>>> print(open('query.txt').read())   # compact mmCIF, C-alpha atoms and all ligand atoms
# COMPACT_ATOMS: atom_id res chain seq x y z
CA MET A 1 145.82 182.39 55.80
CA ILE A 2 142.26 181.61 54.78
CA THR A 3 139.47 180.40 57.02
CA LEU A 4 135.96 179.25 56.30
CA GLU A 5 133.58 179.02 59.20
CA ASN A 6 130.29 177.18 58.79
CA VAL A 7 129.80 178.32 55.18
CA HIS A 8 126.52 177.46 53.47
CA LYS A 9 126.00 177.87 49.74
CA ILE A 10 122.50 177.68 48.34
CA TYR A 11 121.83 177.84 44.61
CA ASN A 12 118.51 179.41 43.63
CA PRO A 13 117.50 180.25 47.21
CA LYS A 14 113.78 180.31 48.01
CA LYS A 15 112.90 178.95 44.57
CA ALA A 16 111.45 175.57 43.66
CA ASN A 17 114.87 174.42 42.43
CA GLU A 18 116.70 175.57 45.58
CA PHE A 19 119.79 173.45 46.22
CA GLU A 20 122.17 173.55 49.17
CA ALA A 21 125.58 172.75 47.68
CA LEU A 22 127.66 173.51 50.80
CA LYS A 23 126.20 172.51 54.15
CA GLY A 24 128.33 174.24 56.76
CA VAL A 25 131.91 174.01 55.58
CA SER A 26 134.69 175.00 57.99
CA LEU A 27 138.38 174.83 57.11
CA THR A 28 141.68 176.62 57.47
CA ILE A 29 144.46 176.82 54.89
CA GLU A 30 147.77 178.28 56.04
CA ASP A 31 150.03 180.41 53.87
CA GLY A 32 152.36 178.28 51.78
CA GLU A 33 150.32 175.08 52.02
CA MET A 34 149.59 172.87 49.02
CA VAL A 35 146.16 171.37 49.48
CA ALA A 36 143.99 169.05 47.42
CA ILE A 37 140.21 169.20 47.60
CA ILE A 38 138.86 165.81 46.60
CA GLY A 39 135.44 164.26 46.28
CA LYS A 40 133.01 162.73 43.85
CA SER A 41 131.35 164.59 41.00
CA GLY A 42 128.65 166.87 42.40
CA ALA A 43 130.15 166.89 45.91
CA GLY A 44 130.60 170.66 45.87
CA LYS A 45 134.30 171.00 44.98
CA SER A 46 133.90 173.66 42.30
CA THR A 47 131.36 175.52 44.43
CA LEU A 48 133.87 175.64 47.29
CA LEU A 49 136.70 176.70 44.99
CA HIS A 50 134.60 179.50 43.46
CA ILE A 51 133.87 180.85 46.94
CA LEU A 52 137.58 180.67 47.84
CA ALA A 53 138.34 182.52 44.59
CA CYS A 54 135.83 185.28 45.43
CA ILE A 55 133.94 184.66 42.19
CA ASP A 56 130.84 183.36 43.95
CA SER A 57 128.98 184.38 47.09
CA TYR A 58 127.57 182.30 49.94
CA GLU A 59 124.44 182.53 52.04
CA SER A 60 125.75 182.21 55.60
CA GLY A 61 128.93 181.66 57.56
CA GLU A 62 132.22 183.51 57.19
CA TYR A 63 135.10 183.44 54.75
CA LYS A 64 138.21 185.36 55.73
CA ILE A 65 141.40 185.98 53.75
CA ASP A 66 144.17 187.36 55.95
CA ASP A 67 141.55 188.56 58.45
CA THR A 68 139.51 190.35 55.79
CA LEU A 69 135.93 189.14 55.89
CA VAL A 70 134.89 188.30 52.34
CA LYS A 71 131.20 189.02 52.60
CA ASN A 72 128.83 191.70 51.35
CA LEU A 73 131.67 193.57 49.66
CA SER A 74 131.19 195.88 46.69
CA GLU A 75 132.06 194.61 43.20
CA LYS A 76 135.11 196.87 43.34
CA GLN A 77 136.28 195.36 46.64
CA TYR A 78 135.81 191.80 45.32
CA ALA A 79 137.77 192.69 42.20
CA GLN A 80 140.56 194.15 44.30
CA ILE A 81 140.87 191.01 46.45
CA ARG A 82 140.83 188.79 43.36
CA ASN A 83 143.45 190.94 41.73
CA GLU A 84 145.82 191.12 44.68
CA LYS A 85 145.45 187.73 46.33
CA ILE A 86 144.01 185.16 43.96
CA GLY A 87 145.08 183.41 40.81
CA MET A 88 142.36 181.13 39.46
CA VAL A 89 142.97 178.36 36.92
CA MET A 90 139.50 177.60 35.60
CA GLN A 91 138.37 174.15 34.53
CA ASP A 92 139.10 173.57 30.81
CA PHE A 93 141.55 176.49 30.68
CA ALA A 94 138.96 179.18 29.77
CA LEU A 95 141.44 180.90 27.47
CA VAL A 96 140.52 183.14 24.53
CA ASP A 97 141.27 180.67 21.76
CA ASP A 98 142.12 183.02 18.91
CA PHE A 99 144.26 185.29 21.09
CA THR A 100 147.98 184.62 21.38
CA CYS A 101 149.51 183.31 24.61
CA LEU A 102 150.79 186.79 25.40
CA GLU A 103 147.39 188.42 24.76
CA ASN A 104 145.72 185.91 27.08
CA VAL A 105 148.19 186.56 29.88
CA LEU A 106 147.87 190.33 29.46
CA LEU A 107 144.11 190.15 30.08
CA PRO A 108 144.05 190.22 33.91
CA LEU A 109 146.64 192.99 34.22
CA ASP A 110 145.26 196.20 35.55
CA PHE A 111 145.52 198.57 32.62
CA ALA A 112 145.25 201.59 34.87
CA LYS A 113 148.01 200.44 37.18
CA HIS A 114 150.76 199.32 34.78
CA LYS A 115 152.36 201.12 31.85
CA LYS A 116 152.08 199.31 28.52
CA SER A 117 155.74 198.24 28.41
CA ASN A 118 155.56 196.96 32.00
CA ARG A 119 152.45 194.94 31.21
CA LYS A 120 154.25 193.13 28.42
CA GLU A 121 157.25 192.51 30.65
CA LEU A 122 155.06 191.06 33.43
CA ALA A 123 153.16 188.84 30.98
CA LEU A 124 156.37 187.53 29.43
CA ALA A 125 157.84 186.83 32.88
CA ALA A 126 154.72 184.83 33.79
CA LEU A 127 154.98 182.87 30.54
CA LYS A 128 158.67 182.27 31.21
CA SER A 129 157.92 180.86 34.65
CA VAL A 130 155.83 178.13 32.98
CA SER A 131 158.34 177.67 30.13
CA MET A 132 156.01 179.18 27.51
CA ASP A 133 157.84 182.43 26.72
CA SER A 134 159.09 181.10 23.39
CA MET A 135 155.48 180.61 22.28
CA ALA A 136 154.26 184.03 23.37
CA LYS A 137 153.10 185.00 19.87
CA LYS A 138 151.36 181.72 19.05
CA PRO A 139 147.57 181.67 19.06
CA VAL A 140 146.23 179.47 21.82
CA ASN A 141 144.23 177.32 19.37
CA LYS A 142 147.54 176.01 17.99
CA LEU A 143 148.67 174.64 21.37
CA SER A 144 148.46 171.20 22.97
CA GLY A 145 146.38 170.68 26.13
CA GLY A 146 149.43 170.81 28.37
CA GLN A 147 150.64 174.04 26.74
CA LYS A 148 147.17 175.59 27.15
CA GLN A 149 147.21 174.68 30.82
CA ARG A 150 150.62 176.35 31.21
CA VAL A 151 149.24 179.53 29.63
CA ALA A 152 146.21 179.36 31.93
CA ILE A 153 148.59 179.11 34.90
CA ALA A 154 150.65 182.05 33.59
CA ARG A 155 147.47 184.12 33.34
CA ALA A 156 146.56 183.13 36.90
CA ILE A 157 149.92 184.22 38.34
CA VAL A 158 150.65 187.33 36.28
CA ASN A 159 149.41 189.60 39.08
CA GLN A 160 151.65 187.73 41.53
CA PRO A 161 148.87 186.50 43.82
CA SER A 162 149.65 184.81 47.13
CA MET A 163 147.20 181.98 46.39
CA VAL A 164 146.70 179.86 43.27
CA LEU A 165 143.47 177.90 42.90
CA ALA A 166 142.91 175.31 40.19
CA ASP A 167 139.78 173.35 39.25
CA GLU A 168 140.61 169.87 37.90
CA PRO A 169 143.82 171.16 36.26
CA THR A 170 144.85 167.71 35.03
CA GLY A 171 141.37 166.45 34.16
CA ALA A 172 141.79 166.94 30.41
CA LEU A 173 145.44 165.85 30.21
CA ASP A 174 147.23 162.54 29.63
CA SER A 175 149.15 161.20 32.63
CA LYS A 176 152.61 162.36 31.51
CA THR A 177 151.39 165.89 30.79
CA ALA A 178 149.44 165.85 34.06
CA GLU A 179 152.67 165.11 35.88
CA GLU A 180 154.42 168.04 34.17
CA ILE A 181 151.58 170.36 35.17
CA MET A 182 151.74 169.12 38.77
CA HIS A 183 155.44 169.94 38.67
CA VAL A 184 154.54 173.53 37.74
CA PHE A 185 152.16 173.78 40.73
CA LYS A 186 154.78 172.31 43.07
CA GLU A 187 157.31 174.84 41.81
CA LEU A 188 154.84 177.69 42.53
CA ASN A 189 154.33 176.24 45.99
CA HIS A 190 158.08 176.08 46.57
CA GLN A 191 158.23 179.75 45.65
CA GLY A 192 155.91 180.36 48.59
CA LYS A 193 152.46 180.46 47.02
CA THR A 194 149.51 178.76 48.64
CA VAL A 195 148.17 176.20 46.15
CA VAL A 196 144.68 174.69 46.26
CA ILE A 197 143.85 172.02 43.67
CA VAL A 198 140.45 170.46 43.11
CA THR A 199 140.79 166.97 41.71
CA HIS A 200 139.15 163.58 41.69
CA ASP A 201 142.48 161.95 40.77
CA MET A 202 144.12 160.43 43.87
CA GLY A 203 147.48 160.37 42.08
CA VAL A 204 147.30 164.16 41.83
CA ALA A 205 145.90 164.60 45.33
CA LYS A 206 148.67 162.56 46.94
CA GLN A 207 151.26 165.00 45.63
CA CYS A 208 149.75 167.71 47.83
CA ASP A 209 150.63 168.21 51.52
CA ARG A 210 147.07 167.77 52.70
CA LEU A 211 143.77 166.35 51.50
CA ILE A 212 140.40 167.89 52.22
CA GLU A 213 137.62 165.53 51.26
CA ILE A 214 134.16 166.84 50.53
CA SER A 215 131.05 164.72 50.17
CA ASP A 216 127.51 165.92 49.64
CA GLY A 217 128.46 169.50 50.57
CA LYS A 218 130.27 168.60 53.79
CA ILE A 219 133.92 168.17 54.74
CA LEU A 220 134.54 164.52 55.56
CA GLU A 221 137.98 164.75 57.04
CA THR A 222 141.10 166.86 56.99
CA ALA A 223 143.80 164.26 57.09
CA SER A 224 147.48 164.72 56.29
N1 LIG A 301 124.65 177.19 39.19
C1 LIG A 301 124.09 176.15 39.81
N2 LIG A 301 122.75 176.10 40.03
C2 LIG A 301 122.19 175.05 40.68
N3 LIG A 301 122.87 173.99 41.14
C3 LIG A 301 124.19 173.98 40.95
C4 LIG A 301 124.87 175.05 40.28
N4 LIG A 301 126.20 174.76 40.25
C5 LIG A 301 126.34 173.56 40.85
N5 LIG A 301 125.15 173.10 41.28
C6 LIG A 301 124.91 171.84 42.00
O1 LIG A 301 125.67 171.86 43.21
C7 LIG A 301 126.26 170.58 43.43
C8 LIG A 301 127.75 170.73 43.55
O2 LIG A 301 128.26 171.15 42.29
P1 LIG A 301 129.82 171.37 42.05
O3 LIG A 301 130.35 172.27 43.10
O4 LIG A 301 129.98 171.81 40.65
O5 LIG A 301 130.39 169.89 42.26
P2 LIG A 301 131.80 169.24 41.87
O6 LIG A 301 132.70 170.32 41.39
O7 LIG A 301 132.27 168.57 43.13
O8 LIG A 301 131.50 168.23 40.81
C9 LIG A 301 125.82 169.67 42.29
O9 LIG A 301 124.70 168.91 42.71
C10 LIG A 301 125.43 170.65 41.21
O10 LIG A 301 124.42 170.11 40.40
MG MG A 302 133.61 170.63 39.57
>>> encode(input="query.txt", output="structure tokens")
Amino acid sequence: MITLENVHKIYNPKKANEFEALKGVSLTIEDGEMVAIIGKSGAGKSTLLHILACIDSYESGEYKIDDTLVKNLSEKQYAQIRNEKIGMVMQDFALVDDFTCLENVLLPLDFAKHKKSNRKELALAALKSVSMDSMAKKPVNKLSGGQKQRVAIARAIVNQPSMVLADEPTGALDSKTAEEIMHVFKELNHQGKTVVIVTHDMGVAKQCDRLIEISDGKILETAS
């Protein structure tokens, strides 16, 4: 379970261009939920998702994952939480374009923890779970948008995180491909993963169990 309690995020604090992007956000997401975070451009969706993903910090309030307070941790502790708990699907895939699918999915594996043969096995299993195992050796720059998104999802889940976060995962896709990608997220959710999707597409949002709407850095409502 994750909880945010009165979280404030300020970009460039105490500078002339200081900007408060989150103005006291509180929310709870239970294990196994599939949640959409919706809101207009600039509302603070990506900011919120980056905090949830432990790739950005916040100025005040509390963020807890499974009762661990995610605040003032060392780089090593943040990396450990990200590794064990979180799979992040970045906006616009953020893949290494001239690497193969397999090489991209190998990237987040802990080289110290897994033997080489195991790493390949884990990466191929992740690719298989998004139906991309047959393209493992293809460079990413030869893939369609939907295929790239599948590889990005495989990379996010290769460490078997309990939570998958995605920033506008269908934003760059046509509607049919978007539907296929939503199917992949629903499948992950059925397997028990918590899924959090940022989107401004109501068609995508409605496929989630719950909507969290954010406007101007504040949660508007948490309606089912
Ligand atoms: N690194 C940054 N520095 C300063 N302001 C930022 C930064 N990132 C985002 N912002 C501002 O914070 C607000 C929320 O941004 P963001 O979370 O990206 O919104 P959304 O994802 O909902 O479009 C916007 O006004 C944006 O300009
Ligand atoms: Mg955004």
>>> residues_near_ligand(input="query.txt", ligand="ligand MG 302 (chain A)", cutoff="8 Å", atoms="all atoms listed in the file", output="list of chain:residue names")
A:Ser41, A:Gly42, A:Gly44, A:Lys45, A:Ser46, A:Thr47, A:Gln91, A:Asp167, A:Glu168, A:Val198
>>> residues_around(input="query.txt", residues="Glu33 in chain A", least_positions_apart="6", cutoff="12 Å", atoms="only C-alpha atoms", output="ChimeraX atom specification")
/A:1-2,162-165,185-186,188-197,207-211,224
>>> residues_around(input="query.txt", residues="Leu143 in chain A", least_positions_apart="6", cutoff="12 Å", atoms="only C-alpha atoms", output="list in words")
Phe93, Leu95, Asp97, Asp98, Phe99, Thr100, Cys101, Met132, Met135, Ala136, Lys137, Gln149, Arg150, Val151 and Ala152 of chain A
>>> closest_residue(input="query.txt", among="A:Met34, A:Cys54, A:Leu48, A:Ile29", to="Ser215 in chain A", atoms="only C-alpha atoms")
A:Leu48
>>> closest_residue(input="query.txt", among="A:Asn104, A:Asn12, A:Thr68, A:Thr28", to="Lys138 in chain A", atoms="only C-alpha atoms")
A:Asn104
>>> residues_near_ligand(input="query.txt", ligand="ligand LIG 301 (chain A)", cutoff="12 Å", atoms="all atoms listed in the file", output="PDB file with C-alpha atoms, in the frame of the given file")
ATOM      1  CA  HIS A   8     126.520 177.460  53.470  1.00  0.00           C
ATOM      2  CA  LYS A   9     126.000 177.870  49.740  1.00  0.00           C
ATOM      3  CA  ILE A  10     122.500 177.680  48.340  1.00  0.00           C
ATOM      4  CA  TYR A  11     121.830 177.840  44.610  1.00  0.00           C
ATOM      5  CA  ASN A  12     118.510 179.410  43.630  1.00  0.00           C
ATOM      6  CA  PRO A  13     117.500 180.250  47.210  1.00  0.00           C
ATOM      7  CA  LYS A  15     112.900 178.950  44.570  1.00  0.00           C
ATOM      8  CA  ALA A  16     111.450 175.570  43.660  1.00  0.00           C
ATOM      9  CA  ASN A  17     114.870 174.420  42.430  1.00  0.00           C
ATOM     10  CA  GLU A  18     116.700 175.570  45.580  1.00  0.00           C
ATOM     11  CA  PHE A  19     119.790 173.450  46.220  1.00  0.00           C
ATOM     12  CA  GLU A  20     122.170 173.550  49.170  1.00  0.00           C
ATOM     13  CA  ALA A  21     125.580 172.750  47.680  1.00  0.00           C
ATOM     14  CA  LEU A  22     127.660 173.510  50.800  1.00  0.00           C
ATOM     15  CA  LYS A  23     126.200 172.510  54.150  1.00  0.00           C
ATOM     16  CA  ILE A  37     140.210 169.200  47.600  1.00  0.00           C
ATOM     17  CA  ILE A  38     138.860 165.810  46.600  1.00  0.00           C
ATOM     18  CA  GLY A  39     135.440 164.260  46.280  1.00  0.00           C
ATOM     19  CA  LYS A  40     133.010 162.730  43.850  1.00  0.00           C
ATOM     20  CA  SER A  41     131.350 164.590  41.000  1.00  0.00           C
ATOM     21  CA  GLY A  42     128.650 166.870  42.400  1.00  0.00           C
ATOM     22  CA  ALA A  43     130.150 166.890  45.910  1.00  0.00           C
ATOM     23  CA  GLY A  44     130.600 170.660  45.870  1.00  0.00           C
ATOM     24  CA  LYS A  45     134.300 171.000  44.980  1.00  0.00           C
ATOM     25  CA  SER A  46     133.900 173.660  42.300  1.00  0.00           C
ATOM     26  CA  THR A  47     131.360 175.520  44.430  1.00  0.00           C
ATOM     27  CA  LEU A  48     133.870 175.640  47.290  1.00  0.00           C
ATOM     28  CA  LEU A  49     136.700 176.700  44.990  1.00  0.00           C
ATOM     29  CA  HIS A  50     134.600 179.500  43.460  1.00  0.00           C
ATOM     30  CA  ILE A  51     133.870 180.850  46.940  1.00  0.00           C
ATOM     31  CA  ASP A  56     130.840 183.360  43.950  1.00  0.00           C
ATOM     32  CA  SER A  57     128.980 184.380  47.090  1.00  0.00           C
ATOM     33  CA  MET A  90     139.500 177.600  35.600  1.00  0.00           C
ATOM     34  CA  GLN A  91     138.370 174.150  34.530  1.00  0.00           C
ATOM     35  CA  ALA A 166     142.910 175.310  40.190  1.00  0.00           C
ATOM     36  CA  ASP A 167     139.780 173.350  39.250  1.00  0.00           C
ATOM     37  CA  GLU A 168     140.610 169.870  37.900  1.00  0.00           C
ATOM     38  CA  GLY A 171     141.370 166.450  34.160  1.00  0.00           C
ATOM     39  CA  ILE A 197     143.850 172.020  43.670  1.00  0.00           C
ATOM     40  CA  VAL A 198     140.450 170.460  43.110  1.00  0.00           C
ATOM     41  CA  THR A 199     140.790 166.970  41.710  1.00  0.00           C
ATOM     42  CA  HIS A 200     139.150 163.580  41.690  1.00  0.00           C
ATOM     43  CA  GLU A 213     137.620 165.530  51.260  1.00  0.00           C
ATOM     44  CA  ILE A 214     134.160 166.840  50.530  1.00  0.00           C
ATOM     45  CA  SER A 215     131.050 164.720  50.170  1.00  0.00           C
ATOM     46  CA  ASP A 216     127.510 165.920  49.640  1.00  0.00           C
ATOM     47  CA  GLY A 217     128.460 169.500  50.570  1.00  0.00           C
ATOM     48  CA  LYS A 218     130.270 168.600  53.790  1.00  0.00           C
ATOM     49  CA  ILE A 219     133.920 168.170  54.740  1.00  0.00           C
TER      50      ILE A 219
END
>>> atom_distance(input="query.txt", atom1="CA of Lys71 in chain A", atom2="CA of Leu27 in chain A")
16.5 Å
>>> residues_near_point(input="query.txt", point="(144.6, 182.1, 42.9)", cutoff="7 Å", atoms="all atoms listed in the file", output="PyMOL selection string")
chain A and resi 53+85-88+156+161+163-165
>>> build_atoms(input="query.txt", residues="range 162-181 of chain A", atoms="N, CA, C and O atoms", output="CSV table (one decimal), in the frame of the given file")
chain,number,residue,atom,x,y,z
A,162,SER,N,149.1,185.7,46.1
A,162,SER,CA,149.6,184.8,47.1
A,162,SER,C,149.1,183.4,47.1
A,162,SER,O,149.6,182.5,47.6
A,163,MET,N,147.9,183.3,46.4
A,163,MET,CA,147.2,182.0,46.4
A,163,MET,C,146.8,181.6,45.0
A,163,MET,O,146.3,182.5,44.2
A,164,VAL,N,147.1,180.4,44.6
A,164,VAL,CA,146.7,179.9,43.3
A,164,VAL,C,145.7,178.7,43.5
A,164,VAL,O,145.9,177.8,44.2
A,165,LEU,N,144.5,178.9,42.8
A,165,LEU,CA,143.5,177.9,42.9
A,165,LEU,C,143.3,177.3,41.5
A,165,LEU,O,143.3,178.0,40.5
A,166,ALA,N,143.1,176.0,41.5
A,166,ALA,CA,142.9,175.3,40.2
A,166,ALA,C,141.8,174.3,40.3
A,166,ALA,O,141.8,173.4,41.2
A,167,ASP,N,140.9,174.3,39.3
A,167,ASP,CA,139.8,173.4,39.2
A,167,ASP,C,140.1,172.2,38.2
A,167,ASP,O,140.1,172.5,37.0
A,168,GLU,N,140.3,171.0,38.7
A,168,GLU,CA,140.6,169.9,37.9
A,168,GLU,C,141.7,170.2,36.8
A,168,GLU,O,141.4,170.0,35.6
A,169,PRO,N,142.8,170.7,37.3
A,169,PRO,CA,143.8,171.2,36.3
A,169,PRO,C,144.4,170.1,35.4
A,169,PRO,O,145.0,170.3,34.4
A,170,THR,N,144.3,168.8,35.8
A,170,THR,CA,144.8,167.7,35.0
A,170,THR,C,143.7,166.9,34.4
A,170,THR,O,144.0,165.9,33.7
A,171,GLY,N,142.5,167.3,34.6
A,171,GLY,CA,141.4,166.4,34.2
A,171,GLY,C,141.4,166.2,32.7
A,171,GLY,O,140.9,165.1,32.3
A,172,ALA,N,141.8,167.1,31.9
A,172,ALA,CA,141.8,166.9,30.4
A,172,ALA,C,143.1,166.5,29.8
A,172,ALA,O,143.3,166.6,28.6
A,173,LEU,N,144.1,166.1,30.7
A,173,LEU,CA,145.4,165.8,30.2
A,173,LEU,C,145.8,164.4,30.4
A,173,LEU,O,145.3,163.7,31.3
A,174,ASP,N,146.7,163.9,29.5
A,174,ASP,CA,147.2,162.5,29.6
A,174,ASP,C,148.1,162.5,30.9
A,174,ASP,O,148.5,163.6,31.4
A,175,SER,N,148.5,161.3,31.3
A,175,SER,CA,149.2,161.2,32.6
A,175,SER,C,150.5,161.8,32.6
A,175,SER,O,150.9,162.4,33.6
A,176,LYS,N,151.3,161.7,31.5
A,176,LYS,CA,152.6,162.4,31.5
A,176,LYS,C,152.5,163.9,31.6
A,176,LYS,O,153.2,164.5,32.3
A,177,THR,N,151.6,164.4,30.8
A,177,THR,CA,151.4,165.9,30.8
A,177,THR,C,150.9,166.3,32.1
A,177,THR,O,151.3,167.4,32.7
A,178,ALA,N,150.0,165.5,32.7
A,178,ALA,CA,149.4,165.8,34.1
A,178,ALA,C,150.6,166.0,35.1
A,178,ALA,O,150.6,166.9,35.9
A,179,GLU,N,151.5,165.1,35.0
A,179,GLU,CA,152.7,165.1,35.9
A,179,GLU,C,153.5,166.4,35.7
A,179,GLU,O,153.9,167.0,36.7
A,180,GLU,N,153.7,166.8,34.4
A,180,GLU,CA,154.4,168.0,34.2
A,180,GLU,C,153.7,169.3,34.8
A,180,GLU,O,154.3,170.2,35.3
A,181,ILE,N,152.4,169.2,34.6
A,181,ILE,CA,151.6,170.4,35.2
A,181,ILE,C,151.6,170.4,36.7
A,181,ILE,O,151.8,171.4,37.3
